[in-house]
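Enquirer: Sharing model-v9.tsv here; it has TSV, C-alpha atoms.
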```
chain	number	residue	atom	x	y	z
A	1	MET	CA	0.00	0.00	0.00
A	2	ALA	CA	1.36	3.44	-0.90
A	3	ALA	CA	2.27	5.72	1.98
A	4	GLN	CA	-0.14	8.56	2.67
A	5	CYS	CA	1.10	12.05	1.73
A	6	THR	CA	0.54	14.06	4.89
A	7	PRO	CA	1.30	17.80	5.08
A	8	LEU	CA	4.26	17.22	7.41
A	9	LEU	CA	5.70	14.52	5.15
A	10	PHE	CA	5.24	16.81	2.14
A	11	LEU	CA	7.07	19.62	3.93
A	12	ALA	CA	9.95	17.36	4.95
A	13	CYS	CA	10.37	16.14	1.39
A	14	MET	CA	10.22	19.63	-0.08
A	15	LEU	CA	12.78	21.03	2.35
A	16	ALA	CA	15.15	18.18	1.50
A	17	LEU	CA	15.30	19.28	-2.15
A	18	PRO	CA	18.03	21.71	-3.26
A	19	ALA	CA	16.25	24.98	-3.97
A	20	PRO	CA	17.98	25.73	-7.34
A	21	HIS	CA	16.60	22.49	-8.83
A	22	LEU	CA	12.99	22.99	-7.74
A	23	THR	CA	10.56	23.02	-10.62
A	24	SER	CA	7.37	22.80	-8.59
A	25	THR	CA	5.29	25.81	-7.57
A	26	ILE	CA	5.34	27.80	-4.35
A	27	GLN	CA	3.05	26.07	-1.89
A	28	SER	CA	0.87	27.76	0.72
A	29	LEU	CA	1.54	25.31	3.54
A	30	ALA	CA	-1.18	24.83	6.13
A	31	VAL	CA	1.10	22.41	7.96
A	32	LEU	CA	-0.88	22.35	11.17
A	33	ASN	CA	-4.23	22.03	9.44
A	34	GLN	CA	-5.91	19.12	7.70
A	35	SER	CA	-5.89	20.91	4.35
A	36	LEU	CA	-2.96	22.03	2.21
A	37	PRO	CA	-4.07	25.01	0.09
A	38	VAL	CA	-1.96	25.81	-2.95
A	39	ALA	CA	-0.97	29.35	-3.89
A	40	ALA	CA	-0.93	30.74	-7.39
A	41	PRO	CA	1.72	28.87	-9.43
A	42	ARG	CA	5.13	30.30	-10.14
A	43	SER	CA	8.29	28.72	-11.52
A	44	LEU	CA	11.05	28.71	-8.90
A	45	VAL	CA	14.02	29.64	-11.05
A	46	ASN	CA	16.13	30.99	-8.19
A	47	GLY	CA	14.75	28.97	-5.30
A	48	TRP	CA	12.30	30.12	-2.63
A	49	PRO	CA	11.06	33.72	-2.36
A	50	ARG	CA	13.15	35.86	-0.02
A	51	ASP	CA	10.08	37.35	1.62
A	52	CYS	CA	6.34	37.57	1.04
A	53	SER	CA	6.68	40.46	-1.42
A	54	GLU	CA	8.08	37.91	-3.90
A	55	VAL	CA	5.00	35.69	-3.64
A	56	PRO	CA	2.92	36.27	-6.80
A	57	ALA	CA	0.24	38.97	-6.65
A	58	GLY	CA	-3.20	37.45	-6.26
A	59	SER	CA	-1.96	34.58	-4.09
A	60	PRO	CA	-4.02	33.91	-0.96
A	61	SER	CA	-2.91	34.85	2.53
A	62	GLY	CA	-1.42	31.85	4.29
A	63	VAL	CA	1.72	30.02	5.33
A	64	TYR	CA	4.58	29.93	2.83
A	65	ILE	CA	8.18	28.81	2.67
A	66	ILE	CA	10.68	31.64	2.22
A	67	GLN	CA	14.47	31.76	2.27
A	68	PRO	CA	16.00	35.11	3.18
A	69	THR	CA	19.45	35.77	1.73
A	70	GLY	CA	22.06	33.76	3.62
A	71	LEU	CA	19.48	32.00	5.79
A	72	HIS	CA	17.85	28.57	5.84
A	73	THR	CA	14.26	28.13	4.67
A	74	ILE	CA	11.62	29.21	7.18
A	75	LEU	CA	7.83	29.10	7.38
A	76	VAL	CA	6.12	32.48	7.51
A	77	TYR	CA	2.59	33.83	7.30
A	78	CYS	CA	2.13	36.03	4.23
A	79	GLU	CA	-0.60	38.66	4.47
A	80	MET	CA	-1.73	39.20	0.90
A	81	ASP	CA	-4.89	41.25	1.52
A	82	GLU	CA	-3.62	44.11	3.70
A	83	ALA	CA	-2.61	47.31	1.83
A	84	ASP	CA	-1.68	45.77	-1.55
A	85	GLY	CA	-0.37	42.55	0.01
A	86	GLY	CA	3.14	41.15	0.10
A	87	TRP	CA	3.54	41.55	3.87
A	88	THR	CA	5.67	39.14	5.90
A	89	VAL	CA	4.09	38.77	9.35
A	90	ILE	CA	6.73	38.74	12.10
A	91	GLN	CA	4.42	38.83	15.12
A	92	ARG	CA	0.81	38.12	15.94
A	93	ASN	CA	-0.88	38.02	19.32
A	94	HIS	CA	-4.33	37.90	20.91
A	95	ARG	CA	-5.28	38.77	24.46
A	96	ASP	CA	-6.64	35.25	25.02
A	97	THR	CA	-3.57	33.50	23.63
A	98	PRO	CA	-2.24	30.33	25.27
A	99	VAL	CA	1.30	31.59	24.51
A	100	THR	CA	3.01	32.88	27.68
A	101	TRP	CA	5.42	35.28	25.86
A	102	ASN	CA	7.61	35.33	28.99
A	103	GLU	CA	10.41	33.50	27.19
A	104	SER	CA	14.23	33.46	27.22
A	105	TRP	CA	16.61	35.30	24.89
A	106	SER	CA	17.32	32.09	22.99
A	107	THR	CA	13.63	31.32	22.52
A	108	TYR	CA	12.95	34.84	21.22
A	109	LYS	CA	16.00	34.60	18.98
A	110	HIS	CA	14.77	31.47	17.21
A	111	GLY	CA	11.02	32.16	17.38
A	112	PHE	CA	8.05	30.40	18.97
A	113	GLY	CA	4.30	29.92	18.78
A	114	ASN	CA	2.02	28.77	15.97
A	115	VAL	CA	2.47	30.61	12.67
A	116	HIS	CA	-1.26	30.19	12.00
A	117	THR	CA	-2.29	31.95	15.23
A	118	GLU	CA	-0.01	33.68	17.78
A	119	PHE	CA	3.75	33.68	17.26
A	120	TRP	CA	7.08	35.50	17.23
A	121	LEU	CA	9.08	34.86	14.06
A	122	GLY	CA	12.43	35.15	15.85
A	123	THR	CA	14.70	38.16	16.34
A	124	GLU	CA	17.47	36.53	14.33
A	125	ASN	CA	15.08	35.79	11.46
A	126	ILE	CA	13.80	39.37	11.62
A	127	TYR	CA	17.36	40.68	11.53
A	128	GLN	CA	18.24	38.50	8.53
A	129	LEU	CA	15.07	39.58	6.71
A	130	THR	CA	15.76	43.29	7.18
A	131	THR	CA	19.35	43.12	5.92
A	132	GLN	CA	18.41	42.02	2.40
A	133	LYS	CA	16.23	45.00	1.38
A	134	ILE	CA	14.95	48.33	2.75
A	135	TYR	CA	11.77	47.57	4.69
A	136	GLN	CA	8.75	49.38	6.04
A	137	VAL	CA	6.58	48.13	8.91
A	138	ARG	CA	2.90	48.17	9.80
A	139	PHE	CA	1.83	47.63	13.40
A	140	VAL	CA	-1.82	46.51	13.35
A	141	ILE	CA	-3.79	46.96	16.56
A	142	TRP	CA	-7.32	45.90	17.47
A	143	ASP	CA	-8.44	48.15	20.31
A	144	ALA	CA	-10.66	47.27	23.28
A	145	SER	CA	-13.77	47.60	21.06
A	146	ASN	CA	-12.16	45.45	18.35
A	147	ASN	CA	-11.67	48.42	16.02
A	148	LYS	CA	-8.73	47.90	13.70
A	149	ARG	CA	-6.04	50.60	13.66
A	150	PHE	CA	-2.55	50.69	12.19
A	151	ALA	CA	0.72	52.58	12.65
A	152	ASP	CA	3.11	52.61	9.70
A	153	TYR	CA	6.81	53.49	9.80
A	154	ASN	CA	8.46	54.00	6.43
A	155	LEU	CA	11.70	52.39	7.58
A	156	PHE	CA	12.20	49.31	9.73
A	157	SER	CA	15.36	47.38	10.54
A	158	VAL	CA	16.95	45.44	13.38
A	159	ASP	CA	20.68	45.41	14.16
A	160	ASP	CA	22.49	42.11	14.62
A	161	GLU	CA	22.72	40.16	17.88
A	162	SER	CA	26.05	41.71	18.87
A	163	GLN	CA	24.24	45.07	18.87
A	164	GLY	CA	21.36	43.69	20.92
A	165	TYR	CA	18.92	43.50	17.98
A	166	ARG	CA	18.48	47.28	18.29
A	167	LEU	CA	15.33	48.60	16.59
A	168	ARG	CA	15.45	51.31	13.88
A	169	LEU	CA	12.26	53.04	12.75
A	170	GLY	CA	11.46	55.74	10.19
A	171	ALA	CA	8.67	58.29	9.90
A	172	HIS	CA	5.21	57.49	11.25
A	173	SER	CA	1.79	57.60	9.59
A	174	GLY	CA	-1.52	55.78	10.03
A	175	THR	CA	-4.66	55.63	12.14
A	176	ALA	CA	-2.93	54.67	15.40
A	177	GLU	CA	-0.72	57.14	17.27
A	178	ASP	CA	3.08	57.08	17.09
A	179	ALA	CA	3.54	55.17	20.32
A	180	MET	CA	6.87	53.62	19.28
A	181	ALA	CA	9.04	56.66	18.57
A	182	SER	CA	7.48	59.90	19.80
A	183	ARG	CA	7.18	59.27	23.54
A	184	GLY	CA	9.57	60.48	26.22
A	185	THR	CA	12.93	58.86	26.89
A	186	THR	CA	11.49	56.52	29.51
A	187	THR	CA	8.91	54.92	27.22
A	188	ILE	CA	10.37	55.24	23.70
A	189	HIS	CA	11.09	52.06	21.72
A	190	ASP	CA	12.86	53.33	18.62
A	191	ASN	CA	16.66	52.83	18.86
A	192	MET	CA	16.26	50.53	21.87
A	193	LYS	CA	17.91	47.13	22.25
A	194	PHE	CA	15.77	44.02	22.64
A	195	SER	CA	15.39	42.72	26.20
A	196	THR	CA	14.16	39.46	27.66
A	197	LYS	CA	13.79	38.15	31.19
A	198	ASP	CA	17.32	36.71	31.08
A	199	ARG	CA	19.03	39.48	29.06
A	200	ASP	CA	18.31	42.95	30.41
A	201	GLN	CA	19.31	45.60	27.86
A	202	ASP	CA	16.82	48.34	28.71
A	203	THR	CA	17.60	51.75	30.24
A	204	SER	CA	15.73	51.05	33.47
A	205	SER	CA	17.35	50.23	36.80
A	206	GLY	CA	15.16	47.11	36.82
A	207	ASN	CA	14.31	44.52	34.20
A	208	CYS	CA	11.37	45.70	32.08
A	209	ALA	CA	11.01	42.34	30.32
A	210	SER	CA	10.53	40.55	33.64
A	211	SER	CA	8.09	43.10	35.05
A	212	ALA	CA	6.16	43.51	31.76
A	213	GLY	CA	5.98	39.79	31.01
A	214	GLY	CA	7.60	39.48	27.59
A	215	GLY	CA	10.55	40.37	25.37
A	216	TRP	CA	10.52	43.77	23.62
A	217	TRP	CA	12.51	46.87	22.69
A	218	TYR	CA	12.17	48.49	26.12
A	219	SER	CA	13.56	51.76	27.40
A	220	ALA	CA	12.36	52.30	30.99
A	221	CYS	CA	9.85	50.75	30.39
A	222	TYR	CA	7.18	51.05	27.63
A	223	SER	CA	4.32	52.75	25.85
A	224	VAL	CA	3.85	49.71	23.61
A	225	ARG	CA	3.64	46.15	24.87
A	226	LEU	CA	2.64	43.63	22.22
A	227	ASN	CA	4.59	40.55	23.30
A	228	VAL	CA	2.57	39.80	26.41
A	229	ARG	CA	-0.22	37.54	27.52
A	230	GLY	CA	-3.50	39.31	28.20
A	231	SER	CA	-2.37	42.96	28.58
A	232	ILE	CA	-1.59	44.19	25.07
A	233	THR	CA	-0.87	47.92	25.02
A	234	TRP	CA	-0.52	50.60	22.36
A	235	GLY	CA	-0.01	54.08	23.85
A	236	ASN	CA	-3.28	55.80	24.72
A	237	LEU	CA	-5.28	53.74	22.25
A	238	CYS	CA	-5.61	50.77	24.56
A	239	ASN	CA	-3.59	50.57	27.75
A	240	GLY	CA	-3.54	46.89	28.62
A	241	ASN	CA	-6.89	46.09	27.00
A	242	CYS	CA	-6.07	45.83	23.28
A	243	ARG	CA	-7.76	42.82	21.72
A	244	ALA	CA	-4.96	41.75	19.35
A	245	SER	CA	-1.86	42.82	17.45
A	246	ALA	CA	0.19	41.98	14.39
A	247	ILE	CA	3.49	43.27	12.98
A	248	LEU	CA	3.91	43.18	9.20
A	249	ILE	CA	6.94	44.13	7.10
A	250	LYS	CA	7.61	44.47	3.38
A	251	PRO	CA	10.09	46.30	1.16
A	252	THR	CA	9.56	50.03	0.67
A	253	THR	CA	8.26	51.24	-2.67
A	254	CYS	CA	10.34	54.45	-2.72
```
If you took the structure in this file and wrote it as structure tokens, what would it be?

Expert:
Amino acid sequence: MAAQCTPLLFLACMLALPAPHLTSTIQSLAVLNQSLPVAAPRSLVNGWPRDCSEVPAGSPSGVYIIQPTGLHTILVYCEMDEADGGWTVIQRNHRDTPVTWNESWSTYKHGFGNVHTEFWLGTENIYQLTTQKIYQVRFVIWDASNNKRFADYNLFSVDDESQGYRLRLGAHSGTAEDAMASRGTTTIHDNMKFSTKDRDQDTSSGNCASSAGGGWWYSACYSVRLNVRGSITWGNLCNGNCRASAILIKPTTC
């Protein structure tokens, strides 16, 4: 009897193939689901897409394989419906998540959670992504009444691990306030290093990651707290009672 082709077996087989010799199409991989939806076909001449902006226009939102320059293949969620599509989702959270978010530096570095629901893509993966092109970012926030707002920054990058994965943001626009870069020195996040419960790199005398309950680009301590269980915060929009969040990046068009 022939072996059944399960999604996990399919993924293992696909990842074992050398990317330059792939002649199949890009697959939208619902690895943790029963189904395995297929994205719009495209010939993989140069291997996997480097980010979701290289997934063909008109493809559905879903989980895809990408391979950033110099990095191994990784699974990401591509948001193809938001603002012309092509967004690589690097974070998603919900106030009722089972994810604790109070994780170590190593866990944040490599990523955790379920790419279909709540997850952190990994600070190292985010760094590698943002070195290959010039990126913008969209922070999507659902407030306490479940109204969707967004804050865009026209530049987004993360320094390497030796520099503490320091965050770099550009100019702000959008329907949510600039809570990342325009606050005072004690709550700003732009140009801050990433901190976790076991690696304190904030500007506070204490450990913001431990007291706030999750890794983030803290100063002393925060006006934005997205990597937390149950108390998501975005400035004055929703202080501890945001419903959900997502962070999306894609190359700039300028």

Enquirer: Between A:Leu75, A:Ile247, A:Val158, A:Val99, which residue has the minimum interatomic distance to Gly214 of chain A, considering all atoms listed in the file?

Expert: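 Residue with the minimum atom-to-atom distance to Gly214 of chain A: A:Val99.
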
Enquirer: In terms of the shortest atom-to-atom distance over all atoms listed in the file, which of A:Trp87, A:Phe119, A:Phe194, A:Tyr108 is closest to Phe139 of chain A?

Expert: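 Counting all atoms listed in the file, the residue closest to Phe139 of chain A is A:Trp87.
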
Enquirer: So, counting all atoms listed in the file, which residue among A:Arg149, A:His72, A:Lys193, A:Arg50 is closest to Ala246 of chain A?

Expert: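 Checking each of A:Arg149, A:His72, A:Lys193, A:Arg50 against Ala246 of chain A, counting all atoms listed in the file, the winner is A:Arg149.
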
Enquirer: Separation of atom CA of His116 of chain A and atom CA of Val224 of chain A, in Å?

Expert: 23.3 Å

Enquirer: Between atom CA of Phe156 of chain A and atom CA of Gly240 of chain A, what is the spacing in Å?

Expert: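 Pair atom CA of Gly240 of chain A / atom CA of Phe156 of chain A returns 24.7 Å.
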
Enquirer: Residues near Cys52 of chain A, anyone? I mean within 8 Å using only C-alpha atoms, not counting same-chain ones fewer than 3 positions away, as a PyMOL selection string.

Expert: chain A and resi 49+55+66+78-79+86-88+250

Enquirer: Atom CA of Pro68 of chain A and atom CA of His110 of chain A, how far apart in Å?

Expert: 14.5 Å

Enquirer: Point out the residue among A:Thr131, A:Thr117, A:Ser195, A:Ser204 with the least atom-to-atom distance to Pro98 of chain A, counting all atoms listed in the file.

Expert: A:Thr117

Enquirer: Would you kindly return, as a PyMOL selection string, each protein, DNA or RNA residue with an atom no farther than 9 Å from any atom of Thr130 of chain A, considering all atoms listed in the file and excluding same-chain residues fewer than 5 positions away?

Expert: chain A and resi 125+135+156-159+249+251

Enquirer: If I put a ball of radius 9 Å at (19.0, 35.9, 22.1) in the file's coordinates, which residues poke into it when counting only C-alpha atoms, written as a list of chain:residue names?

Expert: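 Those residues, ordered by chain and then number, are A:Ser104, A:Trp105, A:Ser106, A:Thr107, A:Tyr108, A:Lys109, A:His110, A:Thr123, A:Glu124, A:Glu161, A:Gly164, A:Tyr165, A:Phe194, A:Ser195, A:Thr196, A:Arg199.
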
Enquirer: Taking into account all atoms listed in the file, which residue in the set A:Arg243, A:Arg166, A:His172, A:Arg229 is nearest to Trp101 of chain A?

Expert: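 Residue with the minimum atom-to-atom distance to Trp101 of chain A: A:Arg229.
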
Enquirer: I'd like the contact shell of Phe150 of chain A - 10 Å cut-off, only C-alpha atoms, skipping same-chain residues fewer than 6 positions apart - returned as a ChimeraX atom specification.

Expert: /A:138-142,173-178,245-247

Enquirer: Which of these residues is nearest to Gln91 of chain A, using all atoms listed in the file: A:Tyr153, A:Trp120, A:Trp234, A:Phe112?

Expert: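 Of A:Tyr153, A:Trp120, A:Trp234, A:Phe112, the one nearest Gln91 of chain A is A:Trp120, counting all atoms listed in the file.
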
Enquirer: Since the input lacks atoms, please generate N, CA, C and O atoms for segment 83-96 of chain A and provide them as a short mmCIF file (atom, residue, chain, number, x, y, z; two decimals), in the frame of the given file.

Expert:
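Resulting contents of selection15.cif:
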```cif
data_model
loop_
_atom_site.label_atom_id
_atom_site.label_comp_id
_atom_site.auth_asym_id
_atom_site.auth_seq_id
_atom_site.Cartn_x
_atom_site.Cartn_y
_atom_site.Cartn_z
N ALA A 83 -3.36 46.22 2.49
CA ALA A 83 -2.61 47.31 1.83
C ALA A 83 -1.73 46.81 0.69
O ALA A 83 -0.51 46.91 0.73
N ASP A 84 -2.35 46.25 -0.34
CA ASP A 84 -1.68 45.77 -1.55
C ASP A 84 -0.90 44.47 -1.36
O ASP A 84 -0.25 44.00 -2.30
N GLY A 85 -0.95 43.88 -0.19
CA GLY A 85 -0.37 42.55 0.01
C GLY A 85 1.15 42.54 0.04
O GLY A 85 1.81 43.58 0.03
N GLY A 86 1.70 41.32 0.09
CA GLY A 86 3.14 41.15 0.10
C GLY A 86 3.80 41.35 1.44
O GLY A 86 5.02 41.48 1.54
N TRP A 87 3.01 41.33 2.52
CA TRP A 87 3.54 41.55 3.87
C TRP A 87 4.00 40.24 4.50
O TRP A 87 3.27 39.26 4.49
N THR A 88 5.18 40.25 5.08
CA THR A 88 5.67 39.14 5.90
C THR A 88 5.31 39.43 7.35
O THR A 88 5.71 40.45 7.90
N VAL A 89 4.53 38.55 7.97
CA VAL A 89 4.09 38.77 9.35
C VAL A 89 5.18 38.26 10.30
O VAL A 89 5.58 37.10 10.23
N ILE A 90 5.66 39.13 11.18
CA ILE A 90 6.73 38.74 12.10
C ILE A 90 6.23 38.56 13.53
O ILE A 90 6.96 38.03 14.37
N GLN A 91 5.01 39.01 13.79
CA GLN A 91 4.42 38.83 15.12
C GLN A 91 2.91 38.86 15.00
O GLN A 91 2.35 39.58 14.17
N ARG A 92 2.26 38.04 15.83
CA ARG A 92 0.81 38.12 15.94
C ARG A 92 0.42 37.64 17.34
O ARG A 92 0.98 36.66 17.85
N ASN A 93 -0.51 38.35 17.95
CA ASN A 93 -0.88 38.02 19.32
C ASN A 93 -2.35 38.33 19.54
O ASN A 93 -2.94 39.16 18.84
N HIS A 94 -2.94 37.67 20.50
CA HIS A 94 -4.33 37.90 20.91
C HIS A 94 -4.39 37.86 22.43
O HIS A 94 -3.64 37.10 23.07
N ARG A 95 -5.25 38.67 23.00
CA ARG A 95 -5.28 38.77 24.46
C ARG A 95 -5.60 37.44 25.13
O ARG A 95 -5.23 37.22 26.29
N ASP A 96 -6.29 36.54 24.44
CA ASP A 96 -6.64 35.25 25.02
C ASP A 96 -5.69 34.13 24.57
O ASP A 96 -6.04 32.96 24.65
#
```
